[in-house]
Amino acid sequence: SPRTAWRRPPQPAPALNEAAKAPGTPRKKAAAAGPRVRKPKVTAAPAGYRVRLDQVQAVITESLDSDKAGDIVTLDLEGRAAFCDRMVIATGLADRQISAMATHLQEKLAEVGIKRIQVEGAGGSDWVLIDAGDIVIHLFKPDARTLYGLERMWGPELDEPATEAE
């Protein structure tokens with residue numbers, strides 16, 4: 001038609017003009033440039049977050065202590081793990097004791113407002129894991145605790161640079 005003869009072809013943006021001058025197809029150019037790297041948004045924790053975390057941790061350790069849990073250890077994982085900010089590890093001597101500790105923890109955490117608590121292994125095993133959001137609790141029998149060695153895996157001594165013996 002006569003109208004199409006009068007139209008100008010669309011002009012690419014100036015930045016695309018520069019890219020069009022380089023050899024290769026757009027797909028090859030994108031592959032050579034690599035993936036786009038987006039910087040993650042780093043937001044500071046709300047003002048009362050650490051205070052609340054300390055309160056919940058205190059409830060957990062008090063509950064475990066009243067249930068006669070042995071060797072209660074708390075680890076601060078903030079900035080080191082994406083799945084939680086604190087970890088609590090404790091030992092129970094028998095399946096019934098560990099199960100009772102898990103049940104009591106669920107009740108105590110519900111009282112302080114933590115409702116969605118995931119519990120794994122409470123049906124009678126060597127290891128019960130309780131996910132309370134920002135705090136993860138591990139309840140072990142003594143042999144299982146030694147076997148898995150979570151304190152060694154997540155302990156602060158792994159963050160220190162190794163020194164060479166002379």
# chains A, B, ... in the order shown; residues from 1 in each chain; ligands from 1
>>> residues_around(residues="Gln57 (chain A)", least_positions_apart="4", cutoff="9 Å", atoms="only C-alpha atoms", output="list in words")
Arg52, Leu53, Thr61, Glu62, Thr74, Arg86, Val88 and Ile135 of chain A
>>> select_by_dssp(residues="region 82-117 of chain A", states="strand (DSSP E or B)", output="PyMOL selection string")
chain A and resi 86-91
>>> residues_around(residues="region 143-155 of chain A", least_positions_apart="6", cutoff="9 Å", atoms="only C-alpha atoms", output="ChimeraX atom specification")
/A:73,75-77,80,87,89-91,126-127
>>> atom_distance(atom1="CA of Ile114 (chain A)", atom2="CA of Ala132 (chain A)")
7.1 Å
>>> closest_residue(among="A:Ala94, A:Val112, A:Val136, A:Leu105", to="Asp65 (chain A)", atoms="only C-alpha atoms")
A:Leu105
>>> atom_distance(atom1="CA of Ser99 (chain A)", atom2="CA of Asp71 (chain A)")
17.0 Å
>>> atom_distance(atom1="CA of Arg96 (chain A)", atom2="CA of Asp134 (chain A)")
26.2 Å
>>> select_by_dssp(residues="region 23-156 of chain A", states="alpha helix (DSSP H)", output="PyMOL selection string")
chain A and resi 26-33+49-66+95-111+142-148+150-154
>>> write_last_selection(atoms="C-alpha atoms", output="PDB file, in the first residue's frame")
ATOM      1  CA  PRO A  26      22.518 -10.950  20.682  1.00  0.00           C
ATOM      2  CA  ARG A  27      22.315 -14.378  22.331  1.00  0.00           C
ATOM      3  CA  LYS A  28      26.087 -14.862  22.105  1.00  0.00           C
ATOM      4  CA  LYS A  29      26.671 -11.375  23.465  1.00  0.00           C
ATOM      5  CA  ALA A  30      24.389 -12.054  26.427  1.00  0.00           C
ATOM      6  CA  ALA A  31      26.123 -15.376  27.103  1.00  0.00           C
ATOM      7  CA  ALA A  32      29.535 -13.722  26.980  1.00  0.00           C
ATOM      8  CA  ALA A  33      28.407 -10.976  29.341  1.00  0.00           C
ATOM      9  CA  TYR A  49      14.206  -8.333  67.022  1.00  0.00           C
ATOM     10  CA  ARG A  50      17.266  -9.270  69.100  1.00  0.00           C
ATOM     11  CA  VAL A  51      15.425  -8.606  72.351  1.00  0.00           C
ATOM     12  CA  ARG A  52      12.557 -10.864  71.241  1.00  0.00           C
ATOM     13  CA  LEU A  53      15.031 -13.532  70.117  1.00  0.00           C
ATOM     14  CA  ASP A  54      16.745 -13.393  73.531  1.00  0.00           C
ATOM     15  CA  GLN A  55      13.371 -13.748  75.282  1.00  0.00           C
ATOM     16  CA  VAL A  56      12.382 -16.783  73.202  1.00  0.00           C
ATOM     17  CA  GLN A  57      15.798 -18.351  73.733  1.00  0.00           C
ATOM     18  CA  ALA A  58      15.424 -17.854  77.497  1.00  0.00           C
ATOM     19  CA  VAL A  59      12.019 -19.593  77.423  1.00  0.00           C
ATOM     20  CA  ILE A  60      13.559 -22.507  75.519  1.00  0.00           C
ATOM     21  CA  THR A  61      16.540 -22.945  77.841  1.00  0.00           C
ATOM     22  CA  GLU A  62      14.364 -22.619  80.964  1.00  0.00           C
ATOM     23  CA  SER A  63      11.972 -25.265  79.642  1.00  0.00           C
ATOM     24  CA  LEU A  64      14.824 -27.632  78.803  1.00  0.00           C
ATOM     25  CA  ASP A  65      16.455 -27.028  82.178  1.00  0.00           C
ATOM     26  CA  SER A  66      13.209 -27.760  84.042  1.00  0.00           C
ATOM     27  CA  ASP A  95      12.969 -41.489  74.195  1.00  0.00           C
ATOM     28  CA  ARG A  96      10.230 -40.565  76.661  1.00  0.00           C
ATOM     29  CA  GLN A  97      12.264 -37.735  78.147  1.00  0.00           C
ATOM     30  CA  ILE A  98      13.098 -36.301  74.710  1.00  0.00           C
ATOM     31  CA  SER A  99       9.468 -36.596  73.623  1.00  0.00           C
ATOM     32  CA  ALA A 100       8.303 -34.847  76.806  1.00  0.00           C
ATOM     33  CA  MET A 101      10.866 -32.070  76.300  1.00  0.00           C
ATOM     34  CA  ALA A 102       9.593 -31.536  72.741  1.00  0.00           C
ATOM     35  CA  THR A 103       5.966 -31.421  73.895  1.00  0.00           C
ATOM     36  CA  HIS A 104       6.747 -28.983  76.706  1.00  0.00           C
ATOM     37  CA  LEU A 105       8.713 -26.777  74.321  1.00  0.00           C
ATOM     38  CA  GLN A 106       5.767 -26.628  71.936  1.00  0.00           C
ATOM     39  CA  GLU A 107       3.476 -25.571  74.780  1.00  0.00           C
ATOM     40  CA  LYS A 108       5.889 -22.933  76.128  1.00  0.00           C
ATOM     41  CA  LEU A 109       6.557 -21.479  72.679  1.00  0.00           C
ATOM     42  CA  ALA A 110       2.817 -21.284  71.968  1.00  0.00           C
ATOM     43  CA  GLU A 111       2.405 -19.322  75.219  1.00  0.00           C
ATOM     44  CA  PRO A 142      24.069 -38.876  74.077  1.00  0.00           C
ATOM     45  CA  ASP A 143      25.392 -41.253  71.390  1.00  0.00           C
ATOM     46  CA  ALA A 144      23.619 -39.423  68.562  1.00  0.00           C
ATOM     47  CA  ARG A 145      24.872 -36.055  69.801  1.00  0.00           C
ATOM     48  CA  THR A 146      28.437 -37.305  69.731  1.00  0.00           C
ATOM     49  CA  LEU A 147      27.935 -38.869  66.306  1.00  0.00           C
ATOM     50  CA  TYR A 148      26.526 -35.755  64.599  1.00  0.00           C
ATOM     51  CA  LEU A 150      26.666 -30.106  65.648  1.00  0.00           C
ATOM     52  CA  GLU A 151      28.694 -28.038  68.132  1.00  0.00           C
ATOM     53  CA  ARG A 152      31.834 -28.772  66.136  1.00  0.00           C
ATOM     54  CA  MET A 153      30.070 -28.049  62.860  1.00  0.00           C
ATOM     55  CA  TRP A 154      28.505 -24.730  63.858  1.00  0.00           C
TER      56      TRP A 154
END
>>> decode(residues="region 95-107 of chain A", atoms="C-alpha atoms", output="PDB file, in the first residue's frame")
ATOM      1  CA  ASP A  95      12.969 -41.489  74.195  1.00  0.00           C
ATOM      2  CA  ARG A  96      10.230 -40.565  76.661  1.00  0.00           C
ATOM      3  CA  GLN A  97      12.264 -37.735  78.147  1.00  0.00           C
ATOM      4  CA  ILE A  98      13.098 -36.301  74.710  1.00  0.00           C
ATOM      5  CA  SER A  99       9.468 -36.596  73.623  1.00  0.00           C
ATOM      6  CA  ALA A 100       8.303 -34.847  76.806  1.00  0.00           C
ATOM      7  CA  MET A 101      10.866 -32.070  76.300  1.00  0.00           C
ATOM      8  CA  ALA A 102       9.593 -31.536  72.741  1.00  0.00           C
ATOM      9  CA  THR A 103       5.966 -31.421  73.895  1.00  0.00           C
ATOM     10  CA  HIS A 104       6.747 -28.983  76.706  1.00  0.00           C
ATOM     11  CA  LEU A 105       8.713 -26.777  74.321  1.00  0.00           C
ATOM     12  CA  GLN A 106       5.767 -26.628  71.936  1.00  0.00           C
ATOM     13  CA  GLU A 107       3.476 -25.571  74.780  1.00  0.00           C
TER      14      GLU A 107
END
